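*Asks:* Contents of entry-v9.txt (compact mmCIF, C-alpha atoms):
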# COMPACT_ATOMS: atom_id res chain seq x y z
CA MET A 265 -0.48 -61.82 16.95
CA ARG A 266 2.00 -60.57 19.55
CA LEU A 267 0.83 -59.82 23.06
CA ALA A 268 2.51 -58.14 26.01
CA LEU A 269 0.90 -57.99 29.45
CA GLY A 270 1.99 -55.98 32.48
CA THR A 271 0.22 -55.61 35.81
CA SER A 272 1.02 -54.25 39.26
CA PRO A 273 -1.04 -54.09 42.47
CA SER A 274 -1.45 -50.75 44.20
CA GLY A 275 1.00 -51.78 46.90
CA PRO A 276 3.24 -54.70 47.92
CA ASP A 277 0.73 -55.95 50.47
CA SER A 278 -2.37 -55.29 48.37
CA GLU A 279 -4.36 -57.81 46.35
CA ASN A 280 -4.47 -56.98 42.66
CA GLU A 281 -8.13 -56.58 41.71
CA ASP A 282 -7.40 -56.15 37.99
CA PHE A 283 -7.68 -59.08 35.59
CA ALA A 284 -6.49 -59.41 32.00
CA ALA A 285 -6.23 -62.37 29.64
CA ALA A 286 -6.18 -63.24 25.96
CA ALA A 287 -6.85 -66.15 23.63
CA PRO A 288 -6.55 -66.31 19.84
CA GLY A 289 -8.54 -63.37 18.50
CA VAL A 290 -9.97 -62.22 21.85
CA ALA A 291 -8.79 -60.23 24.87
CA VAL A 292 -10.36 -58.89 28.06
CA LEU A 293 -9.38 -56.55 30.88
CA LEU A 294 -11.38 -55.93 34.05
CA ASP A 295 -10.77 -53.58 36.98
CA GLY A 296 -12.60 -54.80 40.07
CA ALA A 297 -14.02 -52.42 42.65
CA GLY A 298 -15.73 -52.47 46.00
CA VAL A 299 -16.41 -49.67 48.46
CA ALA A 300 -13.30 -48.86 50.47
CA GLY A 301 -13.62 -49.66 54.13
CA ALA A 302 -16.91 -51.53 53.67
CA GLU A 303 -17.73 -55.20 53.69
CA THR A 304 -18.62 -56.38 50.18
CA GLY A 305 -21.34 -58.84 51.11
CA CYS A 306 -19.34 -61.37 49.07
CA VAL A 307 -17.30 -64.03 50.87
CA HIS A 308 -15.01 -64.32 47.84
CA GLY A 309 -14.01 -60.68 47.41
CA VAL A 310 -13.41 -58.22 44.60
CA ALA A 311 -10.42 -59.97 43.00
CA TRP A 312 -12.38 -63.22 42.80
CA PHE A 313 -15.27 -61.42 41.13
CA SER A 314 -13.20 -59.65 38.46
CA GLY A 315 -11.14 -62.79 37.81
CA MET A 316 -14.14 -65.09 37.54
CA LEU A 317 -16.12 -62.71 35.35
CA GLY A 318 -13.07 -62.10 33.17
CA ALA A 319 -12.35 -65.80 32.70
CA LEU A 320 -15.97 -66.59 31.85
CA LEU A 321 -16.16 -63.66 29.45
CA LEU A 322 -12.99 -64.71 27.64
CA ARG A 323 -14.35 -68.23 27.23
CA THR A 324 -17.73 -67.01 26.02
CA LEU A 325 -16.24 -64.58 23.50
CA ALA A 326 -14.20 -67.39 21.98
CA ALA A 327 -16.88 -70.09 22.16
CA ARG A 328 -19.85 -68.00 20.96
CA PRO A 329 -18.69 -66.08 17.88
CA ALA A 330 -22.28 -65.56 16.70
CA TRP A 331 -23.18 -63.73 19.91
CA SER A 332 -22.64 -60.00 20.21
CA LEU A 333 -20.18 -58.72 22.80
CA VAL A 334 -23.13 -57.41 24.82
CA GLU A 335 -24.74 -60.86 24.82
CA CYS A 336 -21.43 -62.46 25.84
CA LEU A 337 -20.99 -60.04 28.74
CA ALA A 338 -24.59 -60.42 29.94
CA ASP A 339 -24.27 -64.21 29.88
CA SER A 340 -20.96 -64.07 31.75
CA ILE A 341 -22.40 -61.76 34.42
CA ARG A 342 -25.33 -64.16 34.79
CA ALA A 343 -22.98 -67.16 35.08
CA THR A 344 -20.78 -65.41 37.64
CA ARG A 345 -23.82 -64.50 39.69
CA SER A 346 -24.98 -68.12 39.69
CA LEU A 347 -21.68 -69.21 41.23
CA HIS A 348 -22.13 -67.25 44.44
CA GLU A 349 -25.64 -65.86 44.81
CA ASP A 350 -26.54 -68.68 47.21
CA VAL A 351 -23.78 -67.77 49.67
CA CYS A 352 -23.21 -64.02 49.07
CA ASP A 353 -25.43 -60.98 49.53
CA LEU A 354 -25.42 -59.60 45.99
CA GLY A 355 -28.07 -57.02 46.83
CA TYR A 356 -25.71 -55.33 49.29
CA ARG A 357 -24.69 -51.84 48.17
CA ALA A 358 -20.97 -52.63 48.30
CA SER A 359 -21.13 -55.94 46.43
CA PRO A 360 -18.19 -56.34 44.00
CA THR A 361 -18.31 -54.68 40.60
CA SER A 362 -15.88 -54.37 37.71
CA THR A 363 -15.14 -52.33 34.64
CA VAL A 364 -14.89 -54.34 31.42
CA VAL A 365 -12.91 -53.92 28.21
CA ALA A 366 -13.31 -56.66 25.62
CA VAL A 367 -12.19 -57.07 22.03
CA ARG A 368 -12.76 -59.82 19.47
CA ALA A 369 -11.53 -60.28 15.91
CA ARG A 370 -14.36 -61.66 13.77
CA ASP A 371 -15.32 -61.53 10.09
CA GLY A 372 -12.63 -58.98 9.27
CA LEU A 373 -13.63 -56.65 12.11
CA LEU A 374 -12.26 -55.82 15.53
CA GLU A 375 -15.32 -55.66 17.77
CA HIS A 376 -14.97 -53.80 21.05
CA LEU A 377 -16.89 -53.18 24.25
CA VAL A 378 -16.09 -50.81 27.12
CA LEU A 379 -18.06 -50.54 30.37
CA GLY A 380 -16.76 -48.35 33.19
CA ASP A 381 -13.65 -46.19 33.26
CA SER A 382 -11.04 -48.54 31.81
CA SER A 383 -9.82 -47.65 28.31
CA LEU A 384 -9.16 -49.09 24.87
CA LEU A 385 -6.47 -47.59 22.63
CA LEU A 386 -6.91 -48.33 18.91
CA VAL A 387 -3.95 -47.48 16.70
CA GLN A 388 -4.38 -47.32 12.93
CA ARG A 389 -1.72 -48.45 10.48
CA SER A 390 -1.57 -44.78 9.45
CA GLY A 391 -0.36 -43.97 12.97
CA ASN A 392 -3.54 -42.25 14.11
CA CYS A 393 -4.81 -43.40 17.47
CA SER A 394 -8.20 -43.16 19.17
CA VAL A 395 -9.21 -43.90 22.73
CA VAL A 396 -12.51 -45.54 23.64
CA THR A 397 -13.51 -44.79 27.23
CA ASP A 398 -16.83 -44.85 29.04
CA ARG A 399 -16.89 -41.34 30.56
CA ARG A 400 -20.10 -41.65 32.55
CA LEU A 401 -18.35 -42.58 35.80
CA ASP A 402 -15.95 -39.64 35.41
CA GLU A 403 -18.84 -37.27 34.71
CA VAL A 404 -20.80 -38.41 37.75
CA GLY A 405 -17.68 -38.37 39.91
CA ALA A 406 -16.82 -34.81 38.90
CA ARG A 407 -20.17 -33.66 40.27
CA LEU A 408 -19.67 -35.40 43.61
CA ARG A 409 -15.98 -35.20 44.46
CA GLY A 410 -16.12 -31.91 46.37
CA ALA A 411 -13.65 -31.93 49.25
CA VAL A 412 -11.95 -35.13 48.08
CA ASP A 413 -9.72 -33.22 45.68
CA GLU A 414 -9.00 -30.45 48.19
CA LEU A 415 -7.58 -32.63 50.97
CA PRO A 416 -4.23 -34.47 51.20
CA THR A 417 -4.51 -38.05 49.99
CA GLY A 418 -4.23 -40.46 52.91
CA SER A 419 -5.16 -37.94 55.62
CA PRO A 420 -8.04 -38.75 58.01
CA GLU A 421 -10.02 -35.85 56.54
CA HIS A 422 -9.46 -37.14 53.03
CA ALA A 423 -10.49 -40.65 54.08
CA ALA A 424 -13.75 -39.33 55.54
CA ALA A 425 -14.52 -37.23 52.44
CA LEU A 426 -13.66 -40.18 50.22
CA ALA A 427 -16.02 -42.48 52.12
CA GLU A 428 -18.82 -39.94 51.75
CA TYR A 429 -18.05 -39.54 48.04
CA ARG A 430 -18.04 -43.28 47.40
CA ASP A 431 -21.30 -43.70 49.28
CA ALA A 432 -22.93 -41.07 47.05
CA LEU A 433 -21.37 -42.63 43.96
CA THR A 434 -22.65 -46.09 44.86
CA SER A 435 -26.21 -44.73 45.03
CA LEU A 436 -25.94 -43.84 41.32
CA ARG A 437 -24.45 -47.14 40.19
CA ASN A 438 -26.35 -48.87 37.37
CA ARG A 439 -29.09 -46.27 37.31
CA PRO A 440 -30.29 -43.85 34.61
CA GLY A 441 -28.49 -40.55 35.04
CA GLY A 442 -25.67 -42.31 36.85
CA PHE A 443 -23.12 -44.77 35.51
CA TRP A 444 -23.02 -48.43 34.49
CA ILE A 445 -20.62 -51.14 35.55
CA ALA A 446 -20.55 -54.94 35.66
CA GLY A 447 -22.02 -56.29 38.88
CA PRO A 448 -24.74 -58.81 39.69
CA ASP A 449 -27.23 -57.51 37.08
CA PRO A 450 -26.77 -58.72 33.46
CA LEU A 451 -28.75 -55.71 32.20
CA ALA A 452 -25.71 -53.50 32.79
CA ALA A 453 -24.15 -55.06 29.67
CA GLU A 454 -26.75 -53.33 27.52
CA HIS A 455 -25.31 -49.95 28.52
CA ALA A 456 -21.75 -50.69 27.41
CA VAL A 457 -20.01 -48.57 24.77
CA THR A 458 -19.58 -50.78 21.69
CA GLY A 459 -18.26 -50.54 18.17
CA ALA A 460 -16.24 -52.22 15.44
CA VAL A 461 -13.44 -51.21 13.06
CA PRO A 462 -11.86 -53.03 10.11
CA LEU A 463 -9.23 -55.37 11.47
CA ASP A 464 -6.79 -54.75 8.62
CA SER A 465 -6.79 -51.01 9.39
CA LEU A 466 -5.26 -51.55 12.84
CA ALA A 467 -1.62 -51.76 13.90
CA SER A 468 -2.27 -52.42 17.59
CA VAL A 469 -4.95 -52.65 20.25
CA THR A 470 -4.28 -51.83 23.91
CA LEU A 471 -6.51 -52.47 26.92
CA LEU A 472 -5.74 -50.42 30.05
CA SER A 473 -7.18 -50.14 33.55
CA ASP A 474 -7.55 -46.59 34.86
CA GLY A 475 -4.54 -47.10 37.11
CA ALA A 476 -2.44 -47.47 33.95
CA THR A 477 -3.90 -44.45 32.13
CA ARG A 478 -3.00 -41.99 34.91
CA LEU A 479 0.22 -40.91 33.26
CA VAL A 480 -1.86 -39.52 30.38
CA ASP A 481 -5.35 -38.64 31.56
CA ARG A 482 -4.73 -37.58 35.17
CA PHE A 483 -1.10 -36.56 35.44
CA GLY A 484 -0.69 -35.14 31.94
CA LEU A 485 2.91 -36.33 31.79
CA ALA A 486 2.53 -38.07 28.44
CA SER A 487 0.30 -37.97 25.38
CA TRP A 488 -1.32 -41.11 24.06
CA ASP A 489 1.22 -41.12 21.24
CA GLU A 490 4.04 -41.00 23.79
CA ALA A 491 2.47 -43.76 25.87
CA LEU A 492 2.17 -45.86 22.72
CA ALA A 493 5.84 -45.29 21.92
CA VAL A 494 6.73 -46.65 25.37
CA LEU A 495 4.50 -49.70 24.85
CA ASP A 496 5.97 -50.43 21.43
CA SER A 497 9.60 -49.97 22.52
CA THR A 498 9.84 -51.30 26.07
CA GLY A 499 6.39 -52.66 26.89
CA PRO A 500 3.66 -52.35 29.53
CA ASP A 501 5.97 -52.74 32.54
CA GLU A 502 7.80 -49.55 31.64
CA LEU A 503 4.58 -47.57 31.30
CA ILE A 504 3.50 -48.80 34.73
CA ARG A 505 6.95 -48.01 36.19
CA ARG A 506 6.68 -44.42 34.98
CA THR A 507 3.22 -44.18 36.48
CA ARG A 508 4.50 -45.40 39.84
CA GLU A 509 7.35 -42.90 39.68
CA ALA A 510 4.87 -40.06 39.19
CA GLU A 511 2.63 -41.32 42.01
CA ASP A 512 5.60 -41.55 44.37
CA SER A 513 6.53 -37.95 43.59
CA ASP A 514 3.11 -36.76 44.82
CA PRO A 515 2.08 -39.12 47.63
CA ASP A 516 -0.44 -36.77 49.25
CA GLY A 517 -2.19 -35.84 46.01
CA ARG A 518 -1.45 -32.13 46.27
CA HIS A 519 -0.36 -31.83 42.65
CA TRP A 520 -2.65 -34.51 41.22
CA PRO A 521 -5.76 -34.92 43.41
CA ARG A 522 -6.98 -38.52 43.42
CA GLY A 523 -8.82 -40.98 45.58
CA LYS A 524 -5.88 -43.35 45.97
CA ALA A 525 -2.20 -42.47 45.96
CA HIS A 526 -1.54 -45.70 44.03
CA ASP A 527 -3.94 -47.88 42.08
CA ASP A 528 -3.79 -51.33 40.51
CA ALA A 529 -2.40 -50.87 37.00
CA THR A 530 -2.75 -53.31 34.10
CA VAL A 531 -1.95 -53.06 30.40
CA LEU A 532 -2.54 -55.63 27.66
CA HIS A 533 -0.83 -54.55 24.41
CA TRP A 534 -1.80 -56.52 21.30
CA VAL A 535 0.31 -55.83 18.22
CA LEU A 536 -1.40 -56.80 14.97
CA SER A 537 1.25 -55.81 12.47
Please go through the file and, once you have read it, give me the structure as structure tokens.

*Replies:*
Amino acid sequence: MRLALGTSPSGPDSENEDFAAAAPGVAVLLDGAGVAGAETGCVHGVAWFSGMLGALLLRTLAARPAWSLVECLADSIRATRSLHEDVCDLGYRASPTSTVVAVRARDGLLEHLVLGDSSLLLVQRSGNCSVVTDRRLDEVGARLRGAVDELPTGSPEHAAALAEYRDALTSLRNRPGGFWIAGPDPLAAEHAVTGAVPLDSLASVTLLSDGATRLVDRFGLASWDEALAVLDSTGPDELIRRTREAEDSDPDGRHWPRGKAHDDATVLHWVLS
């Protein structure tokens, strides 16, 4: 297999809270999240959480081929929790969480799991591509965003509206009628979007955090086919560069309303043929 990985923090002085890694036949991508402006209740922080969970998940996927992806994620969440529940307040509303995308090649199939608003791009040898995304967070967010999208990104008014929005969003985290994301509760794994496709039908598999899908799904400056062409020709770094260029052209979010002017962006592109 041939892998290309690109990642970029939201800013030069910001910690990258995305995590991506691969081993033979397996790959994971996580996008960590907290509540902006709030203490997390975790002395380690969001980047530690997404990195630790990602590393444990990668190991479990490779070491436990008989386990389902849901079982692997639940076990990894449980193991991550055990590493810091004695020193961190994991019941706190702003405790770290993370999206998860995981794939594993096994028994002639490409198994996949998506939890939260990161995405998986599956490209067939025929050239057809499909995107697997957990839309529940987007659907809940659309109901709550209100003034967030009407105010200039980065303004004091926008910051206040964003804090109110995130507080409302947090109240619906890992609840029926809300959305599901990896946090301290292993049961969240049971709500992941899962599936499998024949491995020999695929040309490539791409895992993307939502900061790297903006060019397509928020800005509308490229189709998935065009994004794939960039990945195949010049790689993940170029796709991220184009995303940053678009973000820089609209710093106050007037043209493309969004919570953050820039976001951590990560792409793992796995070429199978």

*Asks:* So which one's closest to Arg430 in chain A, A:Leu415, A:Val292, A:Ala297, A:Arg482? Using only C-alpha atoms, please.

*Replies:*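 Of the candidates, the smallest distance to Arg430 in chain A is held by A:Ala297.
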
*Asks:* Quick one: everything within 12 Å of Glu502 in chain A, counting all atoms listed in the file, minus sequence neighbours fewer than 2 positions away in the same chain. Send it as a ChimeraX atom specification.

*Replies:* /A:268-272,476,479,491-500,504-509,529-531

*Asks:* From the set A:Ala424, A:Val469, A:Leu485, A:Met316, which residue has the shortest atom-to-atom contact distance to Met265 in chain A, counting only C-alpha atoms?

*Replies:*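 Closest to Met265 in chain A of all the choices is A:Val469.
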
*Asks:* Closest to Gly418 in chain A among A:Glu454, A:Asp516, A:Asp277, A:Asp295, using only C-alpha atoms?

*Replies:*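 Using only C-alpha atoms, Gly418 in chain A sits closest to A:Asp516.
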
*Asks:* Counting all atoms listed in the file, which of A:Thr470, A:Val365, A:Gly298, A:Pro440 gets nearest to His533 in chain A?

*Replies:*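 Of A:Thr470, A:Val365, A:Gly298, A:Pro440, the one nearest His533 in chain A is A:Thr470, counting all atoms listed in the file.
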
*Asks:* Need the shell around Lys524 in chain A: protein/DNA/RNA residues with any atom at most 9 Å away, counting all atoms listed in the file. Skip same-chain ones fewer than 5 positions apart. Format as a PyMOL selection string?

*Replies:* chain A and resi 274+417-418+517

*Asks:* Would you list the contacts of range 376-378 of chain A as a list in words, taking every protein, DNA or RNA residue within 6 Å and counting only C-alpha atoms, but skipping same-chain residues closer than 2 positions in sequence?

*Replies:* Val364, Val365, Ala366, Val367, Ala456, Val457, Thr458, Gly459 and Ala460 of chain A

*Asks:* Excluding same-chain residues fewer than 6 positions from range 400-407 of chain A, what lies within 7 Å of it counting all atoms listed in the file, as a count of residues only?

*Replies:* 5

*Asks:* With range 343-348 of chain A as the partner and 10 Å as the cut-off, tabulate the residues of range 422-525 of chain A that qualify, each row holding the nearest pair of atoms and their distance in Å to one decimal, using all atoms listed in the file, sorted by chain and rising number, as a tab-separated table.

*Replies:*
residue	atom	partner	partner_atom	distance
A:Gly447	CA	A:Arg345	CA	8.4
A:Pro448	CA	A:Arg345	CA	5.8
A:Asp449	CA	A:Arg345	CA	8.2
A:Pro450	CA	A:Arg345	CA	9.0
